[in-house]
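Okay, structure first, notes after.
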Amino acid sequence: MNLQTKIPLQKQSKNLIDYKSGILLLGSCFVENIGDKLDYFKFKNLQNPFGILFHPKAIENLITNAINRKVYSEKDVFFHNEQWHCFDAHSKLSHISKACLLENLNSTIKLTNQQIYKSTHIIITLGTAWVYNFIETNNVVANCHKVTQKQFEKELMPVDAIFQSLENIVVNIKKVNSKADVIFTVSPVRHIKDGFVENTQSKAHLISAIHQIINTGNSIYYFPSYEIMMDELRDYRFYAEDMIHPNQTAVNYIWEAFKNVWISKDVFNTMNEIDTIQKGFLHKPFNENSKAHQKFLQNLEEKKRLIKNKYAYIVF
């Protein structure tokens with residue numbers, strides 16, 4: 001008896017991720033779940049340099065600004081709630097010092113520029129089609145930074161507008177890095193603060209637009225993380241206590257699906273070796289001075305040395 005409907009998945013690209021790959025991850029908080037897995041297994045990656053970006057326009061703006069090497073100045077930041085903020089970035093970049101914020105913004109935009117040029121894979125996770133327009137400038141913001149809601153107009157991006165935004169993203173990336181695989185996915189995180197019906201409508205707009213932009217001949221792909229959560233894991237036991245975010249079991253499940261589609265089997269053994277080392281760091285001995293524990297530490301160091309010999313950039 002089969003108690004689960006499985007989504008058929010297969011490798012679509014010949015450009016699979018290995019330890020030579022460079023990966024840029026942009027988008028909603030779910031992209032950081034995948035990014036954390038890539039970190040754990042020591043792949044070369046940069047995730048959300050401007051912090052979590054929920055909607056397509058914010059990601060488009062970041063990529064455009066990074067490629068054009070935008071220089072942030074005082075006109076791009078503002079003071080609110082005892083900190084300096086930028087509407088292009090998440091509050092994790094906000095700072096009590098205006099000078100420090102500007103320095104961080106400009107160094108991060110340079111870093112993003114470099115990563116776009118050299119990435120073999122760019123993973124973009126879209127969270128919502130709802131955007132906030134700052135009335136004073138008539139610009140869509142990446143983050144409201146708890147500025148009063150009356151200063152914004154909330155609107156749902158139409159499918160055509162999302163498609164145009166995604167097309168701009170792809171064109172800009174391919175203009176400077178034609179060999180990169182661009183992987184779109186929709187976050188399974190439920191944005192129910194927008195409303196239940198509104199969240200469904202939002203996800204539908206994102207999915208419709210993405211499927212218009214997919215072109216495997218031009219290395220543009222879709223990974224169904226949203227569909228896996230909705231169909232294969234359709235049970236509240238796969239959600240965190242907030243009933244909004246996937247829990248660790250769900251993240252692990254979706255990661256395994258991603259791994260089987262996008263990561264080269266040639267590095268599975270190395271991943272297992274790194275997993276053994278990472279788990280070794282968590283080992284708590286009964287007696288730190290025992291011969292058995294000293295032997296365990298020696299073996300762990302030897303495993304680290306062997307990995308380091310194969311991949312010099314890896315640091316534990």
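Going by the structure tokens order, chains are called A, B, ..., each with residues numbered from 1, while ligands are numbered from 1 in the order shown.
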| Please, which residues of range 114-315 of chain A, numbered as in this document, come out alpha helix (DSSP H) from DSSP, as an MDAnalysis selection string? | chainID A and resid 114:118 159:176 196:213 225:227 248:262 268:281 291:310
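Residue neighbourhood of Gln4 in chain A, excluding near-sequence residues (fewer than 5 positions): Asp231, Glu232 and Leu233 of chain A, at 9 Å, using only C-alpha atoms.
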| task | Would you return as a list in words the members of range 116-206 of chain A that DSSP assigns to strand (DSSP E) on this structure's backbone? | result |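 Secondary structure check on range 116-206 of chain A, strand (DSSP E): His121, Ile122, Ile123, Ile124, Thr125, Leu126, Trp130, Val131, Tyr132, Asn133, Phe134, Asn139, Val140, Val141, Phe152, Glu153, Lys154, Glu155, Leu156, Asp181, Val182, Ile183, Phe184, Thr185 and Val186 of chain A.
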Which residues come within 8 Å of Thr112 in chain A, counting only C-alpha atoms, excluding same-chain residues fewer than 4 positions away, as a compact mmCIF listing (two decimals) with N, CA, C and O atoms, in the first residue's frame?
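New file around.txt:
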# COMPACT_ATOMS: atom_id res chain seq x y z
N PRO A 49 23.27 37.78 0.64
CA PRO A 49 24.19 38.81 1.13
C PRO A 49 23.46 40.07 1.63
O PRO A 49 23.97 40.75 2.52
N ILE A 63 20.18 42.12 -7.91
CA ILE A 63 21.01 41.63 -9.01
C ILE A 63 21.37 42.78 -9.94
O ILE A 63 22.53 42.92 -10.37
N ALA A 66 23.89 45.01 -8.16
CA ALA A 66 25.19 44.34 -8.03
C ALA A 66 25.94 44.35 -9.35
O ALA A 66 27.15 44.66 -9.40
N THR A 108 29.14 44.69 0.49
CA THR A 108 28.30 43.54 0.18
C THR A 108 27.86 43.55 -1.28
O THR A 108 27.76 42.49 -1.91
N ILE A 116 28.11 36.74 -8.62
CA ILE A 116 27.29 36.55 -9.83
C ILE A 116 28.17 36.17 -11.01
O ILE A 116 27.85 35.28 -11.80
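Atom pair CA of Leu24 in chain A / CA of Gln47 in chain A has a distance of 5.9 Å (rounded to one decimal).
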| request: Could you give me, as a PyMOL selection string, the residues within 10 Å of Tyr19 in chain A, counting only C-alpha atoms and dropping anything in the same chain fewer than 4 positions from it? | output: chain A and resi 41-44+263-264+266-267+270-271+310-311+313-314
Expected file contents, prior selection, N, CA, C and O atoms, as a short mmCIF file (atom, residue, chain, number, x, y, z; two decimals), in the first residue's frame:
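Result file result27.cif:
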data_model
loop_
_atom_site.label_atom_id
_atom_site.label_comp_id
_atom_site.auth_asym_id
_atom_site.auth_seq_id
_atom_site.Cartn_x
_atom_site.Cartn_y
_atom_site.Cartn_z
N PHE A 41 27.83 20.86 4.55
CA PHE A 41 28.63 19.93 3.74
C PHE A 41 29.81 20.62 3.05
O PHE A 41 30.47 20.02 2.21
N LYS A 42 30.04 21.90 3.40
CA LYS A 42 31.23 22.64 3.01
C LYS A 42 31.33 22.93 1.51
O LYS A 42 32.43 23.00 0.96
N PHE A 43 30.18 23.13 0.86
CA PHE A 43 30.19 23.61 -0.52
C PHE A 43 30.47 25.11 -0.52
O PHE A 43 30.13 25.82 0.42
N LYS A 44 31.05 25.59 -1.60
CA LYS A 44 31.33 27.02 -1.73
C LYS A 44 30.04 27.74 -2.09
O LYS A 44 29.50 27.54 -3.18
N ILE A 263 22.95 17.52 -7.02
CA ILE A 263 24.34 17.32 -6.58
C ILE A 263 24.90 16.06 -7.22
O ILE A 263 24.24 15.01 -7.26
N SER A 264 26.10 16.16 -7.71
CA SER A 264 26.75 15.04 -8.40
C SER A 264 26.99 13.88 -7.43
O SER A 264 27.49 14.07 -6.32
N ASP A 266 29.23 11.88 -7.63
CA ASP A 266 30.67 11.72 -7.46
C ASP A 266 31.17 12.29 -6.12
O ASP A 266 32.26 11.93 -5.67
N VAL A 267 30.38 13.20 -5.52
CA VAL A 267 30.82 13.80 -4.25
C VAL A 267 30.04 13.29 -3.04
O VAL A 267 30.24 13.76 -1.93
N THR A 270 32.37 12.07 -0.33
CA THR A 270 32.98 13.20 0.38
C THR A 270 31.99 13.83 1.34
O THR A 270 32.34 14.19 2.48
N MET A 271 30.73 13.97 0.92
CA MET A 271 29.70 14.52 1.80
C MET A 271 29.52 13.64 3.04
O MET A 271 29.37 14.16 4.15
N LYS A 310 42.21 17.21 -0.27
CA LYS A 310 41.43 17.17 -1.50
C LYS A 310 40.85 18.53 -1.87
O LYS A 310 40.79 18.91 -3.04
N TYR A 311 40.43 19.29 -0.84
CA TYR A 311 39.78 20.58 -1.06
C TYR A 311 40.37 21.60 -0.10
O TYR A 311 39.90 21.73 1.04
N TYR A 313 40.25 24.70 0.27
CA TYR A 313 39.47 25.83 0.76
C TYR A 313 38.58 25.48 1.95
O TYR A 313 38.08 26.36 2.66
N ILE A 314 38.36 24.19 2.21
CA ILE A 314 37.44 23.78 3.27
C ILE A 314 38.06 24.05 4.65
O ILE A 314 39.19 23.66 4.92
#
Each residue of range 19-66 of chain A lying at most 6 Å from range 87-102 of chain A should get a row with its shortest atom-to-atom pair and the distance in Å to one decimal, counting only C-alpha atoms; could you produce that, ordered by chain and increasing number, as JSON lines?
{"residue": "A:Phe50", "atom": "CA", "partner": "A:Ala89", "partner_atom": "CA", "distance": 5.1}
{"residue": "A:Gly51", "atom": "CA", "partner": "A:His90", "partner_atom": "CA", "distance": 4.8}
{"residue": "A:Ile52", "atom": "CA", "partner": "A:His90", "partner_atom": "CA", "distance": 6.0}
Would you mind exporting the chosen residues as a PDB file, in the first residue's frame, restricted to all heavy atoms?
ATOM      1  N   PHE A  50      22.277  40.372   1.071  1.00  0.00           N
ATOM      2  CA  PHE A  50      21.481  41.515   1.527  1.00  0.00           C
ATOM      3  C   PHE A  50      20.377  41.078   2.476  1.00  0.00           C
ATOM      4  O   PHE A  50      19.447  41.824   2.739  1.00  0.00           O
ATOM      5  CB  PHE A  50      20.886  42.260   0.321  1.00  0.00           C
ATOM      6  CG  PHE A  50      21.679  43.489  -0.075  1.00  0.00           C
ATOM      7  CD1 PHE A  50      23.056  43.451  -0.160  1.00  0.00           C
ATOM      8  CD2 PHE A  50      21.042  44.688  -0.347  1.00  0.00           C
ATOM      9  CE1 PHE A  50      23.784  44.563  -0.514  1.00  0.00           C
ATOM     10  CE2 PHE A  50      21.759  45.827  -0.704  1.00  0.00           C
ATOM     11  CZ  PHE A  50      23.140  45.766  -0.786  1.00  0.00           C
ATOM     12  N   GLY A  51      20.506  39.855   3.003  1.00  0.00           N
ATOM     13  CA  GLY A  51      19.494  39.336   3.895  1.00  0.00           C
ATOM     14  C   GLY A  51      18.331  38.723   3.132  1.00  0.00           C
ATOM     15  O   GLY A  51      18.325  38.660   1.899  1.00  0.00           O
ATOM     16  N   ILE A  52      17.328  38.271   3.869  1.00  0.00           N
ATOM     17  CA  ILE A  52      16.162  37.625   3.271  1.00  0.00           C
ATOM     18  C   ILE A  52      15.422  38.605   2.366  1.00  0.00           C
ATOM     19  O   ILE A  52      15.126  39.730   2.762  1.00  0.00           O
ATOM     20  CB  ILE A  52      15.220  37.102   4.372  1.00  0.00           C
ATOM     21  CG1 ILE A  52      15.898  35.971   5.148  1.00  0.00           C
ATOM     22  CG2 ILE A  52      13.899  36.629   3.792  1.00  0.00           C
ATOM     23  CD1 ILE A  52      15.172  35.587   6.415  1.00  0.00           C
TER      24      ILE A  52
END
